[in-house]
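Coordinates from work09.csv are shown below (CSV, N, CA and C atoms).
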chain,number,residue,atom,x,y,z
A,1087,MET,N,14.3,22.7,21.7
A,1087,MET,CA,14.8,22.7,20.4
A,1087,MET,C,15.3,21.3,20.0
A,1088,ALA,N,15.9,20.6,20.9
A,1088,ALA,CA,16.5,19.2,20.7
A,1088,ALA,C,15.3,18.2,20.4
A,1089,ASN,N,14.2,18.4,21.2
A,1089,ASN,CA,13.1,17.5,21.0
A,1089,ASN,C,12.5,17.7,19.6
A,1090,ARG,N,12.4,18.9,19.1
A,1090,ARG,CA,11.9,19.1,17.8
A,1090,ARG,C,12.7,18.5,16.7
A,1091,SER,N,14.0,18.7,16.8
A,1091,SER,CA,14.9,18.1,15.8
A,1091,SER,C,14.9,16.6,15.9
A,1092,SER,N,14.8,16.0,17.1
A,1092,SER,CA,14.7,14.6,17.2
A,1092,SER,C,13.4,14.0,16.6
A,1093,ALA,N,12.3,14.7,16.8
A,1093,ALA,CA,11.1,14.3,16.2
A,1093,ALA,C,11.1,14.3,14.7
A,1094,ARG,N,11.8,15.4,14.2
A,1094,ARG,CA,11.9,15.5,12.7
A,1094,ARG,C,12.8,14.4,12.2
A,1095,LYS,N,13.8,14.0,12.9
A,1095,LYS,CA,14.7,13.0,12.4
A,1095,LYS,C,14.0,11.6,12.5
A,1096,LYS,N,13.2,11.4,13.5
A,1096,LYS,CA,12.4,10.1,13.6
A,1096,LYS,C,11.4,10.1,12.4
A,1097,ARG,N,10.8,11.2,12.1
A,1097,ARG,CA,9.8,11.2,11.0
A,1097,ARG,C,10.5,11.0,9.7
A,1098,ARG,N,11.7,11.6,9.5
A,1098,ARG,CA,12.4,11.3,8.2
A,1098,ARG,C,12.8,9.8,8.1
A,1099,LEU,N,13.2,9.2,9.2
A,1099,LEU,CA,13.6,7.8,9.2
A,1099,LEU,C,12.4,6.9,8.9
A,1100,ALA,N,11.2,7.3,9.5
A,1100,ALA,CA,10.0,6.5,9.2
A,1100,ALA,C,9.6,6.6,7.8
A,1101,LEU,N,9.7,7.8,7.2
A,1101,LEU,CA,9.3,8.0,5.8
A,1101,LEU,C,10.2,7.2,4.9
A,1102,ALA,N,11.5,7.3,5.2
A,1102,ALA,CA,12.5,6.5,4.4
A,1102,ALA,C,12.2,5.0,4.5
A,1103,ARG,N,11.9,4.5,5.7
A,1103,ARG,CA,11.6,3.1,5.9
A,1103,ARG,C,10.4,2.7,5.1
A,1104,GLY,N,9.4,3.6,5.1
A,1104,GLY,CA,8.1,3.4,4.3
A,1104,GLY,C,8.4,3.4,2.8
A,1105,ALA,N,9.2,4.3,2.3
A,1105,ALA,CA,9.5,4.3,0.9
A,1105,ALA,C,10.3,3.1,0.5
A,1106,ARG,N,11.2,2.6,1.3
A,1106,ARG,CA,11.9,1.3,1.0
A,1106,ARG,C,11.0,0.2,1.0
A,1107,GLY,N,10.0,0.1,2.0
A,1107,GLY,CA,9.1,-0.9,2.0
A,1107,GLY,C,8.2,-0.9,0.8
A,1108,GLU,N,7.7,0.2,0.3
A,1108,GLU,CA,6.9,0.3,-0.9
A,1108,GLU,C,7.7,-0.1,-2.1
A,1109,TRP,N,8.9,0.3,-2.2
A,1109,TRP,CA,9.7,-0.2,-3.3
A,1109,TRP,C,9.9,-1.7,-3.3
A,1110,LEU,N,10.2,-2.3,-2.2
A,1110,LEU,CA,10.3,-3.7,-2.1
A,1110,LEU,C,9.0,-4.4,-2.4
A,1111,ALA,N,7.9,-3.9,-1.9
A,1111,ALA,CA,6.6,-4.5,-2.2
A,1111,ALA,C,6.3,-4.4,-3.7
A,1112,ALA,N,6.6,-3.3,-4.4
A,1112,ALA,CA,6.4,-3.2,-5.8
A,1112,ALA,C,7.2,-4.2,-6.6
A,1113,PHE,N,8.5,-4.4,-6.2
A,1113,PHE,CA,9.4,-5.3,-6.8
A,1113,PHE,C,8.8,-6.7,-6.6
A,1114,PHE,N,8.4,-7.0,-5.4
A,1114,PHE,CA,7.8,-8.4,-5.1
A,1114,PHE,C,6.6,-8.6,-6.0
A,1115,LEU,N,5.7,-7.7,-6.2
A,1115,LEU,CA,4.5,-7.8,-7.0
A,1115,LEU,C,4.9,-8.1,-8.5
A,1116,ARG,N,5.9,-7.4,-8.9
A,1116,ARG,CA,6.4,-7.6,-10.3
A,1116,ARG,C,6.9,-9.0,-10.5
A,1117,LEU,N,7.6,-9.5,-9.5
A,1117,LEU,CA,8.1,-10.9,-9.5
A,1117,LEU,C,6.9,-11.9,-9.6
A,1118,LYS,N,5.8,-11.5,-9.0
A,1118,LYS,CA,4.6,-12.4,-9.0
A,1118,LYS,C,3.8,-12.2,-10.3
A,1119,GLY,N,4.2,-11.4,-11.2
A,1119,GLY,CA,3.6,-11.2,-12.5
A,1119,GLY,C,2.6,-10.0,-12.6
A,1120,TYR,N,2.6,-9.2,-11.6
A,1120,TYR,CA,1.7,-8.0,-11.7
A,1120,TYR,C,2.5,-6.8,-12.4
A,1121,SER,N,1.7,-6.0,-13.0
A,1121,SER,CA,2.3,-4.7,-13.5
A,1121,SER,C,1.9,-3.6,-12.5
A,1122,ILE,N,2.7,-2.7,-12.3
A,1122,ILE,CA,2.4,-1.6,-11.3
A,1122,ILE,C,1.8,-0.5,-12.1
A,1123,GLU,N,0.5,-0.2,-11.8
A,1123,GLU,CA,-0.3,0.8,-12.5
A,1123,GLU,C,-0.1,2.2,-11.9
A,1124,ASP,N,0.1,2.2,-10.6
A,1124,ASP,CA,0.2,3.5,-9.9
A,1124,ASP,C,0.9,3.3,-8.6
A,1125,ARG,N,1.5,4.3,-8.1
A,1125,ARG,CA,2.1,4.3,-6.8
A,1125,ARG,C,1.8,5.6,-6.1
A,1126,ASN,N,1.5,5.5,-4.8
A,1126,ASN,CA,1.2,6.7,-4.0
A,1126,ASN,C,0.1,7.6,-4.6
A,1127,PHE,N,-1.0,6.9,-5.1
A,1127,PHE,CA,-2.1,7.7,-5.6
A,1127,PHE,C,-2.8,8.4,-4.5
A,1128,ARG,N,-3.0,9.7,-4.7
A,1128,ARG,CA,-3.7,10.5,-3.7
A,1128,ARG,C,-4.8,11.3,-4.3
A,1129,CYS,N,-5.9,11.4,-3.5
A,1129,CYS,CA,-7.0,12.2,-3.9
A,1129,CYS,C,-7.6,12.8,-2.5
A,1130,LYS,N,-8.6,13.6,-2.6
A,1130,LYS,CA,-9.2,14.2,-1.4
A,1130,LYS,C,-9.7,13.1,-0.4
A,1131,SER,N,-10.1,12.0,-0.9
A,1131,SER,CA,-10.7,11.0,0.0
A,1131,SER,C,-9.8,10.0,0.6
A,1132,GLY,N,-8.5,10.0,0.1
A,1132,GLY,CA,-7.6,9.0,0.6
A,1132,GLY,C,-6.4,8.8,-0.2
A,1133,GLU,N,-5.6,7.7,0.1
A,1133,GLU,CA,-4.4,7.4,-0.6
A,1133,GLU,C,-4.2,5.9,-0.7
A,1134,ILE,N,-3.6,5.5,-1.8
A,1134,ILE,CA,-3.3,4.1,-2.1
A,1134,ILE,C,-1.8,4.0,-2.3
A,1135,ASP,N,-1.1,3.1,-1.6
A,1135,ASP,CA,0.3,2.9,-1.7
A,1135,ASP,C,0.7,2.4,-3.1
A,1136,ILE,N,0.0,1.3,-3.5
A,1136,ILE,CA,0.3,0.6,-4.8
A,1136,ILE,C,-1.0,0.2,-5.5
A,1137,VAL,N,-1.1,0.4,-6.8
A,1137,VAL,CA,-2.2,-0.1,-7.6
A,1137,VAL,C,-1.5,-1.0,-8.6
A,1138,ALA,N,-1.8,-2.3,-8.5
A,1138,ALA,CA,-1.2,-3.3,-9.4
A,1138,ALA,C,-2.2,-4.0,-10.2
A,1139,ARG,N,-1.8,-4.6,-11.3
A,1139,ARG,CA,-2.7,-5.3,-12.2
A,1139,ARG,C,-2.2,-6.6,-12.8
A,1140,LYS,N,-3.0,-7.6,-12.9
A,1140,LYS,CA,-2.7,-8.8,-13.6
A,1140,LYS,C,-3.9,-9.1,-14.4
A,1141,GLY,N,-3.9,-9.0,-15.7
A,1141,GLY,CA,-5.0,-9.2,-16.5
A,1141,GLY,C,-6.1,-8.2,-16.2
A,1142,ASP,N,-7.3,-8.6,-15.9
A,1142,ASP,CA,-8.4,-7.7,-15.6
A,1142,ASP,C,-8.6,-7.6,-14.1
A,1143,GLN,N,-7.6,-8.1,-13.3
A,1143,GLN,CA,-7.6,-8.0,-11.8
A,1143,GLN,C,-6.8,-6.8,-11.4
A,1144,ILE,N,-7.4,-5.9,-10.6
A,1144,ILE,CA,-6.7,-4.8,-10.0
A,1144,ILE,C,-6.6,-5.0,-8.5
A,1145,ILE,N,-5.4,-4.8,-8.0
A,1145,ILE,CA,-5.3,-4.9,-6.5
A,1145,ILE,C,-4.8,-3.5,-6.0
A,1146,PHE,N,-5.5,-3.1,-5.0
A,1146,PHE,CA,-5.1,-1.9,-4.2
A,1146,PHE,C,-4.4,-2.4,-3.0
A,1147,VAL,N,-3.1,-2.0,-2.9
A,1147,VAL,CA,-2.3,-2.5,-1.9
A,1147,VAL,C,-1.9,-1.5,-0.8
A,1148,GLU,N,-2.1,-1.9,0.4
A,1148,GLU,CA,-1.5,-1.1,1.5
A,1148,GLU,C,-0.3,-1.7,2.0
A,1149,VAL,N,0.8,-1.0,2.0
A,1149,VAL,CA,2.1,-1.6,2.4
A,1149,VAL,C,2.4,-1.1,3.9
A,1150,LYS,N,2.7,-2.0,4.7
A,1150,LYS,CA,3.1,-1.7,6.1
A,1150,LYS,C,4.4,-2.3,6.5
A,1151,ALA,N,5.4,-1.5,6.9
A,1151,ALA,CA,6.7,-1.9,7.4
A,1151,ALA,C,6.6,-1.8,8.9
A,1152,ARG,N,6.7,-3.0,9.5
A,1152,ARG,CA,6.6,-3.1,11.0
A,1152,ARG,C,7.5,-4.1,11.5
A,1153,ALA,N,7.6,-4.2,12.8
A,1153,ALA,CA,8.5,-5.2,13.4
A,1153,ALA,C,8.0,-6.6,13.3
A,1154,SER,N,6.7,-6.8,13.1
A,1154,SER,CA,6.2,-8.2,13.0
A,1154,SER,C,5.0,-8.1,12.0
A,1155,VAL,N,4.7,-9.3,11.4
A,1155,VAL,CA,3.6,-9.4,10.5
A,1155,VAL,C,2.3,-8.9,11.2
A,1156,GLN,N,2.1,-9.4,12.4
A,1156,GLN,CA,0.8,-9.1,13.1
A,1156,GLN,C,0.7,-7.6,13.4
A,1157,GLU,N,1.8,-6.9,13.7
A,1157,GLU,CA,1.8,-5.5,13.9
A,1157,GLU,C,1.4,-4.8,12.6
A,1158,ALA,N,1.9,-5.3,11.5
A,1158,ALA,CA,1.6,-4.7,10.1
A,1158,ALA,C,0.1,-4.8,9.9
A,1159,LEU,N,-0.5,-6.0,10.1
A,1159,LEU,CA,-1.9,-6.2,9.8
A,1159,LEU,C,-2.8,-5.4,10.7
A,1160,ASP,N,-2.4,-5.4,12.0
A,1160,ASP,CA,-3.2,-4.6,13.0
A,1160,ASP,C,-3.1,-3.1,12.7
A,1161,SER,N,-2.1,-2.6,12.0
A,1161,SER,CA,-2.0,-1.2,11.8
A,1161,SER,C,-2.9,-0.6,10.7
A,1162,VAL,N,-3.6,-1.5,10.0
A,1162,VAL,CA,-4.5,-1.0,9.0
A,1162,VAL,C,-5.9,-1.0,9.6
A,1163,SER,N,-6.2,0.1,10.2
A,1163,SER,CA,-7.5,0.3,10.9
A,1163,SER,C,-8.7,0.4,10.0
A,1164,PHE,N,-9.9,0.3,10.6
A,1164,PHE,CA,-11.1,0.4,9.8
A,1164,PHE,C,-11.2,1.8,9.1
A,1165,GLN,N,-10.7,2.8,9.8
A,1165,GLN,CA,-10.7,4.1,9.1
A,1165,GLN,C,-9.8,4.2,8.0
A,1166,ALA,N,-8.6,3.6,8.1
A,1166,ALA,CA,-7.7,3.5,7.0
A,1166,ALA,C,-8.3,2.7,5.8
A,1167,GLN,N,-8.9,1.6,6.1
A,1167,GLN,CA,-9.6,0.8,5.1
A,1167,GLN,C,-10.6,1.6,4.3
A,1168,ARG,N,-11.4,2.4,5.1
A,1168,ARG,CA,-12.4,3.2,4.4
A,1168,ARG,C,-11.8,4.3,3.5
A,1169,ARG,N,-10.7,4.9,4.0
A,1169,ARG,CA,-10.0,5.9,3.1
A,1169,ARG,C,-9.4,5.3,1.9
A,1170,ILE,N,-8.8,4.1,2.0
A,1170,ILE,CA,-8.3,3.4,0.9
A,1170,ILE,C,-9.4,3.0,-0.1
A,1171,ALA,N,-10.5,2.5,0.4
A,1171,ALA,CA,-11.7,2.1,-0.4
A,1171,ALA,C,-12.2,3.4,-1.2
A,1172,ASN,N,-12.3,4.5,-0.5
A,1172,ASN,CA,-12.8,5.7,-1.2
A,1172,ASN,C,-11.8,6.1,-2.3
A,1173,ALA,N,-10.5,6.1,-2.0
A,1173,ALA,CA,-9.5,6.4,-3.0
A,1173,ALA,C,-9.6,5.4,-4.2
A,1174,ALA,N,-9.8,4.2,-3.9
A,1174,ALA,CA,-9.9,3.2,-4.9
A,1174,ALA,C,-11.1,3.5,-5.9
A,1175,ASN,N,-12.2,3.9,-5.3
A,1175,ASN,CA,-13.4,4.3,-6.1
A,1175,ASN,C,-13.1,5.4,-7.0
A,1176,VAL,N,-12.3,6.4,-6.6
A,1176,VAL,CA,-11.9,7.5,-7.4
A,1176,VAL,C,-11.0,7.0,-8.5
A,1177,TRP,N,-10.0,6.2,-8.1
A,1177,TRP,CA,-9.0,5.6,-9.1
A,1177,TRP,C,-9.7,4.8,-10.2
A,1178,ILE,N,-10.6,3.9,-9.8
A,1178,ILE,CA,-11.2,3.0,-10.8
A,1178,ILE,C,-12.2,3.8,-11.7
A,1179,SER,N,-12.8,4.9,-11.1
A,1179,SER,CA,-13.7,5.6,-11.9
A,1179,SER,C,-13.1,6.4,-13.1
A,1180,ARG,N,-11.8,6.6,-13.0
A,1180,ARG,CA,-11.0,7.3,-14.0
A,1180,ARG,C,-10.5,6.4,-15.1
A,1181,ARG,N,-10.8,5.1,-15.0
A,1181,ARG,CA,-10.3,4.1,-16.0
A,1181,ARG,C,-11.4,3.9,-17.1
A,1182,LYS,N,-11.0,3.9,-18.3
A,1182,LYS,CA,-11.9,3.7,-19.4
A,1182,LYS,C,-12.5,2.3,-19.4
A,1183,ASP,N,-11.8,1.3,-18.9
A,1183,ASP,CA,-12.2,-0.1,-18.9
A,1183,ASP,C,-12.7,-0.5,-17.5
A,1184,TYR,N,-13.2,0.4,-16.7
A,1184,TYR,CA,-13.6,0.2,-15.3
A,1184,TYR,C,-14.7,-0.9,-15.2
A,1185,ASP,N,-15.5,-1.0,-16.2
A,1185,ASP,CA,-16.7,-1.9,-16.1
A,1185,ASP,C,-16.2,-3.4,-16.3
A,1186,ARG,N,-15.1,-3.7,-16.8
A,1186,ARG,CA,-14.6,-5.1,-16.9
A,1186,ARG,C,-13.6,-5.5,-15.9
A,1187,LEU,N,-13.2,-4.6,-15.0
A,1187,LEU,CA,-12.1,-4.9,-14.0
A,1187,LEU,C,-12.7,-5.4,-12.8
A,1188,SER,N,-12.1,-6.4,-12.2
A,1188,SER,CA,-12.4,-6.9,-10.8
A,1188,SER,C,-11.3,-6.3,-9.9
A,1189,TRP,N,-11.6,-6.1,-8.7
A,1189,TRP,CA,-10.6,-5.5,-7.8
A,1189,TRP,C,-10.8,-6.0,-6.4
A,1190,GLN,N,-9.7,-5.8,-5.7
A,1190,GLN,CA,-9.6,-6.3,-4.3
A,1190,GLN,C,-8.6,-5.4,-3.5
A,1191,PHE,N,-8.7,-5.6,-2.2
A,1191,PHE,CA,-7.8,-4.8,-1.3
A,1191,PHE,C,-6.8,-5.8,-0.6
A,1192,ASP,N,-5.5,-5.6,-0.8
A,1192,ASP,CA,-4.5,-6.5,-0.2
A,1192,ASP,C,-3.6,-5.7,0.7
A,1193,ILE,N,-2.9,-6.4,1.6
A,1193,ILE,CA,-1.9,-5.8,2.4
A,1193,ILE,C,-0.6,-6.6,2.2
A,1194,ILE,N,0.5,-5.8,2.1
A,1194,ILE,CA,1.8,-6.4,2.0
A,1194,ILE,C,2.5,-6.0,3.3
A,1195,ALA,N,2.9,-7.0,4.1
A,1195,ALA,CA,3.7,-6.7,5.3
A,1195,ALA,C,5.2,-6.8,5.1
A,1196,ILE,N,5.9,-5.8,5.4
A,1196,ILE,CA,7.3,-5.8,5.3
A,1196,ILE,C,7.9,-5.9,6.7
A,1197,VAL,N,8.6,-6.9,6.9
A,1197,VAL,CA,9.2,-7.2,8.3
A,1197,VAL,C,10.7,-7.3,8.1
A,1198,PRO,N,11.5,-6.7,8.9
A,1198,PRO,CA,13.0,-6.8,8.7
A,1198,PRO,C,13.5,-8.2,8.6
A,1199,GLY,N,14.4,-8.4,7.6
A,1199,GLY,CA,15.1,-9.7,7.5
A,1199,GLY,C,14.2,-10.8,6.9
A,1200,ARG,N,13.0,-10.5,6.4
A,1200,ARG,CA,12.1,-11.5,5.8
A,1200,ARG,C,11.6,-11.0,4.5
A,1201,TRP,N,11.2,-12.0,3.7
A,1201,TRP,CA,10.6,-11.7,2.4
A,1201,TRP,C,9.2,-11.1,2.7
A,1202,PRO,N,8.7,-10.2,1.8
A,1202,PRO,CA,7.4,-9.6,2.1
A,1202,PRO,C,6.3,-10.7,2.1
A,1203,ARG,N,5.3,-10.4,3.0
A,1203,ARG,CA,4.1,-11.3,3.0
A,1203,ARG,C,2.9,-10.6,2.4
A,1204,HIS,N,2.3,-11.3,1.5
A,1204,HIS,CA,1.2,-10.7,0.7
A,1204,HIS,C,-0.1,-11.3,1.2
A,1205,PHE,N,-1.0,-10.5,1.7
A,1205,PHE,CA,-2.3,-11.0,2.2
A,1205,PHE,C,-3.3,-10.5,1.2
A,1206,GLN,N,-3.9,-11.4,0.5
A,1206,GLN,CA,-4.8,-11.1,-0.6
A,1206,GLN,C,-6.2,-11.0,0.1
A,1207,GLN,N,-7.0,-10.1,-0.5
A,1207,GLN,CA,-8.4,-9.8,0.0
A,1207,GLN,C,-8.4,-9.6,1.5
A,1208,ALA,N,-7.5,-8.7,1.9
A,1208,ALA,CA,-7.3,-8.5,3.4
A,1208,ALA,C,-8.5,-7.8,4.0
A,1209,PHE,N,-9.2,-7.0,3.2
A,1209,PHE,CA,-10.4,-6.3,3.7
A,1209,PHE,C,-11.3,-6.0,2.6
Produce structure tokens that represent the structure in this file.
Amino acid sequence: MANRSSARKKRRLALARGARGEWLAAFFLRLKGYSIEDRNFRCKSGEIDIVARKGDQIIFVEVKARASVQEALDSVSFQAQRRIANAANVWISRRKDYDRLSWQFDIIAIVPGRWPRHFQQAF
């Protein structure tokens, strides 16, 4: 019983850390002049943490809160990239202006005690 409650507590802490990281990443993007179009977009084919826009440029952002920048970058596997790309296709197809938008996939690494690192066109 103790193991189960300990696992649940760890999971809750990880979810809370992820939510804080996504909030910080969205705040950081706003400071850089992006508007936040969507957060935690989910569909059958995948999920996108943040969809941001600056002009006709859409960025699909994966946010990773890890102990180091390298750990954050390494944690976005090829399978995760594929799921994000599939979800991006669904998201973009629902836009009336989809034909004039350019888009890319970015990663924002959240590391304790540091300002977020934004890796543009990460995959």
> Which is closest to Phe1146 of chain A among A:Phe1127, A:Phe1114, A:Phe1164, A:Trp1201, if we use only C-alpha atoms?
Replying inline: A:Phe1127
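Residues within 9 Å of Gly1119 of chain A, counting only C-alpha atoms and excluding same-chain residues fewer than 3 positions away, are Phe1114, Leu1115, Arg1116, Arg1139 and Lys1140 of chain A.
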>> Please identify the helix (DSSP H, G or I) residues within chain A (assignment by DSSP from backbone atoms) and present them as an MDAnalysis selection string.
In response: chainID A and resid 1088:1117 1155:1160 1164:1179 1184:1186
> If you count only C-alpha atoms, which residues fall within 8 Å of Glu1108 of chain A, apart from same-chain ones fewer than 4 positions away, as JSON, numbers by chain?
Replying inline: {"A": [1104, 1112, 1135, 1136, 1149]}
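Shortest separation to Phe1205 of chain A among A:Leu1187, A:Ile1144, A:Leu1117, A:Leu1159 occurs at residue A:Leu1159, atoms counted being only C-alpha atoms.
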>> Using all atoms listed in the file, can you tell me which of A:Val1147, A:Ile1122, A:Asp1142, A:Ile1134 comes closest to Ile1194 of chain A?
In response: A:Val1147
> Pick from A:Ala1166, A:Asp1124, A:Arg1103, A:Trp1109: nearest to Ile1178 of chain A, with only C-alpha atoms counted?
Replying inline: A:Asp1124
